[in-house]
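Structure file query.cif (mmCIF, C-alpha atoms) is printed below.
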data_input
#
loop_
_atom_site.label_atom_id
_atom_site.label_comp_id
_atom_site.auth_asym_id
_atom_site.auth_seq_id
_atom_site.Cartn_x
_atom_site.Cartn_y
_atom_site.Cartn_z
CA MET A 15 23.71 19.70 -26.08
CA LYS A 16 23.99 18.29 -22.55
CA ARG A 17 20.29 18.90 -21.95
CA LEU A 18 19.43 17.04 -25.16
CA LEU A 19 21.68 14.15 -24.12
CA CYS A 20 19.90 13.93 -20.75
CA VAL A 21 16.50 13.80 -22.41
CA ILE A 22 17.66 11.03 -24.76
CA ILE A 23 19.12 9.01 -21.87
CA LEU A 24 15.92 9.40 -19.84
CA LEU A 25 13.84 8.24 -22.78
CA VAL A 26 16.09 5.24 -23.33
CA LEU A 27 16.06 4.31 -19.65
CA GLY A 28 12.32 4.81 -19.43
CA THR A 29 11.87 2.47 -22.36
CA GLY A 30 14.33 -0.03 -20.96
CA LEU A 31 12.62 -0.14 -17.59
CA ALA A 32 9.38 -1.12 -19.29
CA LEU A 33 10.99 -4.23 -20.74
CA ALA A 34 10.82 -7.64 -19.16
CA ALA A 35 13.89 -9.81 -18.61
CA ASN A 36 13.37 -11.53 -21.97
CA GLY A 37 13.50 -8.19 -23.80
CA THR A 38 9.79 -7.91 -24.53
CA ARG A 39 7.82 -4.87 -23.47
CA GLN A 40 5.78 -5.37 -20.33
CA LYS A 41 2.09 -4.56 -20.41
CA GLN A 42 1.41 -1.24 -18.73
CA ALA A 43 -1.31 -1.62 -16.13
CA LYS A 44 -4.49 0.41 -16.51
CA PRO A 45 -4.79 3.21 -13.91
CA TYR A 46 -7.46 1.36 -11.92
CA GLU A 47 -5.41 -1.86 -12.01
CA PHE A 48 -2.05 -0.41 -10.96
CA GLY A 49 -1.17 -1.63 -7.47
CA THR A 50 -3.84 -4.33 -7.46
CA VAL A 51 -2.69 -7.52 -5.76
CA VAL A 52 -4.19 -10.98 -6.35
CA ILE A 53 -3.84 -13.32 -3.37
CA ALA A 54 -4.45 -16.99 -4.08
CA ASN A 55 -2.60 -18.97 -1.40
CA HIS A 56 -5.60 -20.93 -0.14
CA SER A 57 -8.59 -19.71 -2.16
CA ALA A 58 -8.82 -22.57 -4.66
CA LYS A 59 -8.70 -25.22 -1.92
CA ALA A 60 -11.54 -23.41 -0.16
CA GLY A 61 -13.57 -23.25 -3.36
CA ARG A 62 -13.24 -19.48 -3.66
CA ALA A 63 -11.96 -17.16 -6.35
CA PRO A 64 -8.63 -15.44 -5.50
CA ALA A 65 -8.83 -12.41 -3.20
CA VAL A 66 -8.27 -9.12 -5.04
CA PHE A 67 -6.75 -6.27 -3.03
CA GLU A 68 -6.92 -2.76 -4.49
CA HIS A 69 -4.13 -0.55 -3.16
CA TRP A 70 -5.70 2.68 -4.40
CA VAL A 71 -8.73 2.26 -2.12
CA HIS A 72 -6.58 1.80 0.96
CA ARG A 73 -3.76 4.25 0.26
CA ALA A 74 -6.36 7.00 -0.02
CA ARG A 75 -7.04 6.55 3.72
CA TYR A 76 -4.09 4.81 5.39
CA THR A 77 -0.32 5.08 5.47
CA CYS A 78 1.79 2.23 4.12
CA ARG A 79 3.41 2.00 7.54
CA LEU A 80 0.13 1.24 9.31
CA CYS A 81 -0.54 -1.81 7.15
CA HIS A 82 2.99 -3.11 6.59
CA VAL A 83 4.37 -2.49 10.08
CA ASP A 84 1.59 -2.27 12.67
CA ILE A 85 -0.79 -4.79 11.06
CA GLY A 86 2.07 -6.83 9.61
CA PHE A 87 1.39 -7.40 5.92
CA ALA A 88 4.49 -8.62 4.08
CA MET A 89 5.75 -6.48 1.18
CA LYS A 90 5.59 -9.41 -1.25
CA THR A 91 2.35 -10.78 -2.64
CA GLY A 92 1.31 -13.98 -0.88
CA ALA A 93 4.16 -13.89 1.63
CA SER A 94 1.82 -13.20 4.58
CA ASP A 95 0.06 -16.53 3.92
CA ILE A 96 -3.29 -15.09 5.01
CA ARG A 97 -6.04 -17.56 5.89
CA ALA A 98 -9.73 -16.90 6.39
CA ALA A 99 -9.33 -18.04 10.00
CA ASP A 100 -6.69 -15.32 10.55
CA ASN A 101 -9.09 -12.64 9.33
CA ALA A 102 -11.92 -14.05 11.43
CA ARG A 103 -9.72 -13.80 14.52
CA GLY A 104 -8.98 -10.13 13.83
CA TYR A 105 -5.59 -10.37 12.12
CA PHE A 106 -4.48 -9.02 8.71
CA CYS A 107 -7.60 -7.84 6.82
CA GLY A 108 -9.71 -8.66 9.86
CA THR A 109 -7.89 -5.98 11.86
CA CYS A 110 -10.10 -3.35 10.22
CA HIS A 111 -12.73 -5.45 8.46
CA ASN A 112 -14.15 -6.77 11.71
CA GLY A 113 -17.72 -5.51 11.46
CA THR A 114 -17.25 -2.92 14.21
CA LEU A 115 -14.78 -0.34 12.83
CA LYS A 116 -16.30 2.76 11.26
CA VAL A 117 -14.76 4.94 8.53
CA ASP A 118 -16.40 8.28 7.77
CA GLY A 119 -19.33 7.16 9.89
CA LYS A 120 -19.85 3.98 7.86
CA LEU A 121 -19.36 0.51 9.25
CA LEU A 122 -16.69 -1.52 7.43
CA PHE A 123 -17.88 -4.93 6.31
CA ALA A 124 -16.50 -7.90 8.22
CA SER A 125 -14.05 -9.91 6.13
CA CYS A 126 -14.27 -13.60 6.99
CA SER A 127 -16.27 -15.74 9.38
CA LYS A 128 -15.88 -19.40 10.29
CA ALA A 129 -19.40 -20.27 9.17
CA PRO A 130 -21.05 -17.63 6.95
CA VAL A 131 -24.81 -17.64 7.29
CA PRO A 132 -27.06 -17.63 4.21
CA GLY A 133 -27.38 -14.17 2.71
CA GLU A 134 -23.83 -13.13 3.65
CA GLU A 135 -22.17 -14.33 0.45
CA TRP A 136 -21.93 -10.71 -0.70
CA ARG A 137 -19.21 -10.20 1.92
CA CYS A 138 -17.10 -12.96 0.41
CA ALA A 139 -17.62 -11.51 -3.08
CA LYS A 140 -16.25 -8.12 -1.95
CA CYS A 141 -12.75 -9.62 -2.02
CA HIS A 142 -13.03 -12.97 -3.78
CA GLN A 143 -13.84 -11.68 -7.26
CA LYS A 144 -14.45 -14.10 -10.13
CA GLU A 145 -14.40 -11.18 -12.58
CA ARG A 146 -13.88 -7.43 -12.39
CA ASP A 147 -16.89 -5.43 -11.33
CA PRO A 148 -17.41 -2.62 -13.90
CA GLY A 149 -18.83 -0.51 -11.09
CA ARG A 150 -15.45 -0.56 -9.34
CA VAL A 151 -13.82 0.95 -12.43
CA ASP A 152 -16.37 3.76 -12.44
CA THR A 153 -15.79 4.28 -8.72
CA PHE A 154 -12.06 4.61 -9.32
CA PHE A 155 -12.39 7.23 -12.05
CA ALA A 156 -14.93 9.22 -10.00
CA PHE A 157 -12.44 9.20 -7.11
CA ALA A 158 -9.39 10.02 -9.28
CA SER A 159 -11.14 12.92 -11.01
CA LYS A 160 -10.98 14.94 -7.78
CA LEU A 161 -7.21 14.51 -7.29
CA PRO A 162 -4.05 15.93 -8.93
CA LYS A 163 -3.09 14.10 -12.11
CA GLU A 164 0.04 12.05 -12.75
CA ARG A 165 1.10 10.52 -16.06
CA LEU A 166 1.85 6.97 -14.89
CA GLY A 167 0.75 4.49 -12.23
CA ASN A 168 -2.77 5.21 -11.03
CA GLY A 169 -2.70 8.51 -12.88
CA ILE A 170 -2.90 10.18 -9.44
CA ASN A 171 -0.22 12.34 -7.84
CA TRP A 172 -0.65 10.85 -4.37
CA GLU A 173 2.12 12.96 -2.87
CA LEU A 174 0.47 16.21 -3.97
CA ALA A 175 -2.97 14.97 -2.93
CA GLU A 176 -1.67 14.40 0.60
CA GLU A 177 0.18 17.73 0.70
CA LYS A 178 -2.98 19.62 -0.29
CA GLY A 179 -5.10 17.78 2.26
CA LEU A 180 -7.26 16.18 -0.43
CA ILE A 181 -6.73 12.82 1.24
CA LYS A 182 -6.35 12.28 4.99
CA LEU A 183 -4.05 9.45 6.04
CA THR A 184 -4.65 7.42 9.19
CA ASP A 185 -1.41 6.26 10.80
CA PHE A 186 -2.71 4.95 14.13
CA LEU A 187 -5.18 2.26 15.14
CA PRO A 188 -6.05 1.91 18.86
CA GLY A 189 -5.07 -1.49 20.18
CA VAL A 190 -2.84 -2.11 17.17
CA SER A 191 -0.40 0.79 16.87
CA MET A 192 1.91 2.04 19.59
CA GLN A 193 2.42 5.68 20.46
CA ARG A 194 5.68 6.91 18.92
CA GLU A 195 7.58 10.08 19.56
CA LYS A 196 7.93 12.27 16.51
CA MET A 197 11.42 12.22 15.03
CA VAL A 198 13.25 15.02 13.30
CA VAL A 199 12.81 14.51 9.57
CA GLN A 200 16.12 14.22 7.76
CA LYS A 201 16.92 16.65 4.96
CA ASP A 202 16.71 15.71 1.29
CA PHE A 203 19.96 14.50 -0.23
CA ALA A 204 21.29 13.89 -3.72
CA LEU A 205 22.79 10.72 -5.14
CA GLU A 206 25.09 10.83 -8.12
CA ALA A 207 23.75 9.01 -11.17
CA LYS A 208 25.91 6.11 -12.35
CA VAL A 209 25.27 7.04 -15.99
CA GLY A 210 27.24 10.07 -17.19
CA GLY A 211 25.12 13.05 -18.22
CA LEU A 212 22.05 11.91 -16.25
CA PRO A 213 20.55 14.29 -13.63
CA GLU A 214 21.30 13.45 -10.01
CA ILE A 215 18.77 11.54 -7.91
CA VAL A 216 17.12 13.58 -5.17
CA PHE A 217 15.78 11.45 -2.30
CA SER A 218 13.28 13.08 0.03
CA HIS A 219 13.04 11.66 3.54
CA LYS A 220 10.18 14.05 4.26
CA LYS A 221 7.99 12.66 1.47
CA HIS A 222 8.72 9.04 2.36
CA THR A 223 8.30 9.58 6.09
CA VAL A 224 4.69 10.72 5.64
CA TRP A 225 3.72 7.39 4.10
CA ASN A 226 6.30 4.94 5.44
CA GLY A 227 7.64 6.31 8.68
CA CYS A 228 11.14 4.92 9.10
CA GLU A 229 10.16 1.32 9.77
CA VAL A 230 9.01 0.29 6.30
CA CYS A 231 12.44 1.00 4.79
CA HIS A 232 14.83 0.43 7.73
CA PRO A 233 16.26 -2.08 8.35
CA ASP A 234 14.49 -4.62 6.14
CA ILE A 235 14.97 -2.84 2.80
CA PHE A 236 17.92 -0.54 3.58
CA ALA A 237 20.01 -2.01 6.38
CA GLY A 238 22.15 1.09 6.86
CA VAL A 239 20.84 4.50 7.89
CA LYS A 240 23.90 6.42 6.71
CA LYS A 241 23.95 7.81 3.18
CA GLY A 242 25.90 5.49 0.89
CA SER A 243 26.11 2.60 3.37
CA THR A 244 23.83 0.39 1.25
CA LYS A 245 25.20 -0.30 -2.21
CA TYR A 246 22.76 -1.14 -5.00
CA THR A 247 22.43 -0.78 -8.74
CA MET A 248 19.65 0.30 -11.09
CA LEU A 249 19.50 -3.29 -12.31
CA GLU A 250 18.68 -4.49 -8.79
CA VAL A 251 16.06 -1.77 -8.41
CA ASN A 252 14.50 -2.84 -11.71
CA GLU A 253 14.41 -6.42 -10.40
CA GLY A 254 12.18 -5.28 -7.57
CA LYS A 255 14.80 -4.79 -4.86
CA TYR A 256 15.48 -1.70 -2.73
CA CYS A 257 13.47 1.21 -4.20
CA GLY A 258 11.94 -1.23 -6.67
CA ILE A 259 10.02 -3.01 -3.90
CA CYS A 260 7.48 -0.17 -4.01
CA HIS A 261 8.33 1.65 -7.24
CA LYS A 262 7.45 -1.24 -9.50
CA SER A 263 4.01 -2.07 -8.23
CA VAL A 264 2.42 0.55 -5.96
CA ALA A 265 4.31 3.86 -5.78
CA PHE A 266 4.91 5.76 -9.03
CA PRO A 267 6.67 3.37 -11.43
CA MET A 268 10.31 3.69 -12.41
CA GLN A 269 9.46 4.54 -16.02
CA ASP A 270 8.85 8.02 -14.61
CA CYS A 271 12.60 8.65 -14.47
CA GLN A 272 12.35 12.40 -13.90
CA ARG A 273 10.57 11.93 -10.57
CA CYS A 274 13.87 10.73 -9.09
CA HIS A 275 16.50 12.07 -11.51
CA SER A 276 15.44 15.64 -10.85
CA ARG A 277 18.60 17.63 -10.03
CA PRO A 278 20.06 19.20 -13.20
CA ILE A 279 23.72 18.62 -13.98
CA LYS A 280 25.89 21.52 -12.91
#

The structure in this file should be written as structure tokens.
Amino acid sequence: MKRLLCVIILLVLGTGLALAANGTRQKQAKPYEFGTVVIANHSAKAGRAPAVFEHWVHRARYTCRLCHVDIGFAMKTGASDIRAADNARGYFCGTCHNGTLKVDGKLLFASCSKAPVPGEEWRCAKCHQKERDPGRVDTFFAFASKLPKERLGNGINWELAEEKGLIKLTDFLPGVSMQREKMVVQKDFALEAKVGGLPEIVFSHKKHTVWNGCEVCHPDIFAGVKKGSTKYTMLEVNEGKYCGICHKSVAFPMQDCQRCHSRPIK
């Protein structure tokens, strides 16, 4: 009976988390769209379409920490206030897309230049997309077909893909990152669910450390480093705070309740 109750609660919560604030169901992003960010701070004024950033392309090669700590991208869309001049000077996207960095032996295209010469418009179109390129969708599914499946988000179990060595994550860029001593990874711990009958939440430092290090979460998202020192509710998480900063837009979405509520009730 208890097991049945847990399943019902999970289903109800999963449904509830898919609802917007006005009570209507939110549109579930297509696998190739999940995590895609549209940046339009200055594009229209420059006569360009908004820049479209695909998280799946980048998270297949780089840790979140490298981009959001070392390079300095804000965690909120548009908050970095990126300008073409910044990229041209080697900041933000221009840190890697500088025309000299190679990945898998291939030269990355340079992002922005102060005065693009004729014939280089294709570089602008790589990011400033007026409409979705059907070829990109095919590229995504060809890539995803080689990785472990997941039922939500991108449809990819990124955690398992990393564990099995199917993707190799870069966490250091010379001249950008600093050498850090390896820290002892904290053990997993359980958090009691606020709803009676719901399985406990198991939080894995090990899994998060691979992608985030410590710096992505502490102190900006979780000020305290002691278990229980930061108080938050599921409502706040669903509003995009705390865990919801990542688990609403890029990491597996919160509709996948069992990914967190995984410890059976004793």

**Request:** Could you expand the PyMOL selection byres ((chain A and resi 214) around 10) into the explicit residues it covers here, written as a PyMOL selection string?
**Result:** chain A and resi 203-213+215-217+272+274-280

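Summary of the local environment: counting all atoms listed in the file, residues at most 7 Å from region 161-172 of chain A, other than itself and those fewer than 5 positions away along its chain, are Pro45, Tyr46, Phe48, Phe266 and Pro267 of chain A.
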
Selection export as an mmCIF file, keeping the file's coordinate frame, atoms kept: C-alpha atoms:
data_model
loop_
_atom_site.group_PDB
_atom_site.id
_atom_site.type_symbol
_atom_site.label_atom_id
_atom_site.label_comp_id
_atom_site.auth_asym_id
_atom_site.auth_seq_id
_atom_site.Cartn_x
_atom_site.Cartn_y
_atom_site.Cartn_z
ATOM 1 C CA PRO A 45 -4.790 3.210 -13.910
ATOM 2 C CA TYR A 46 -7.460 1.360 -11.920
ATOM 3 C CA PHE A 48 -2.050 -0.410 -10.960
ATOM 4 C CA PHE A 266 4.910 5.760 -9.030
ATOM 5 C CA PRO A 267 6.670 3.370 -11.430
#

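Shortest atom-to-atom contact with Ala93 (chain A) among A:Asn55, A:Thr77, A:Thr109, A:Asn226: A:Asn55, counting all atoms listed in the file.
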
**Message:** Give me the residues near Glu229 (chain A) as a PyMOL selection string, where near means some atom within 10 Å (using all atoms listed in the file) and where sequence neighbours in that chain fewer than 5 positions away do not count.
**Reply:** chain A and resi 79+82-84+223+234-235

Resulting file, chosen residues, C-alpha atoms, as a short mmCIF file (atom, residue, chain, number, x, y, z; two decimals), in the coordinates of the input:
data_model
loop_
_atom_site.label_atom_id
_atom_site.label_comp_id
_atom_site.auth_asym_id
_atom_site.auth_seq_id
_atom_site.Cartn_x
_atom_site.Cartn_y
_atom_site.Cartn_z
CA ARG A 79 3.41 2.00 7.54
CA HIS A 82 2.99 -3.11 6.59
CA VAL A 83 4.37 -2.49 10.08
CA ASP A 84 1.59 -2.27 12.67
CA THR A 223 8.30 9.58 6.09
CA ASP A 234 14.49 -4.62 6.14
CA ILE A 235 14.97 -2.84 2.80
#

**Request:** Could you check which of A:Ala54, A:Val117, A:Val131, A:Val230 is closest to Lys182 (chain A), using all atoms listed in the file?
**Result:** A:Val117

**Spatial neighbours of region 258-262 of chain A, max dist 12 Å, all atoms listed in the file, sep filter under 6 positions, as a ChimeraX atom specification** = /A:31-32,40,42-43,48-50,69,78,82,88-91,166-167,222,225-226,230-231,234-236,246-252,268-271,273-274

**Asked** Neighbours of region 96-99 of chain A within 8 Å (only C-alpha atoms; same-chain residues fewer than 6 positions away dropped), as a PyMOL selection string?
**Response** chain A and resi 55-56+106+126-128

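Among the candidates A:Gln143, A:Pro130, A:Glu177, A:Ala265, the residue lying nearest to Trp70 (chain A) is A:Ala265 (atoms considered: only C-alpha atoms).
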
First collect every listed atom of region 177-185 of chain A; then fit an axis-aligned box around them, widen it by 6 Å on each side, and give centre and edge lengths in Å to one decimal, as AutoDock Vina command-line options.
--center_x -3.5 --center_y 12.9 --center_z 5.2 --size_x 19.4 --size_y 25.4 --size_z 23.2

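The neighbours of Arg194 (chain A) here are the residues that come within 12 Å of it, using all atoms listed in the file and leaving out any residue fewer than 3 positions away in the same chain; they are Asp84, Asp185, Phe186, Ser191, Met197, Gly227, Cys228 and Glu229 of chain A.
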
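Nearest to Ser125 (chain A) of all the residues A:Lys196, A:Lys221, A:Arg150, A:Arg103 is A:Arg103, counting only C-alpha atoms.
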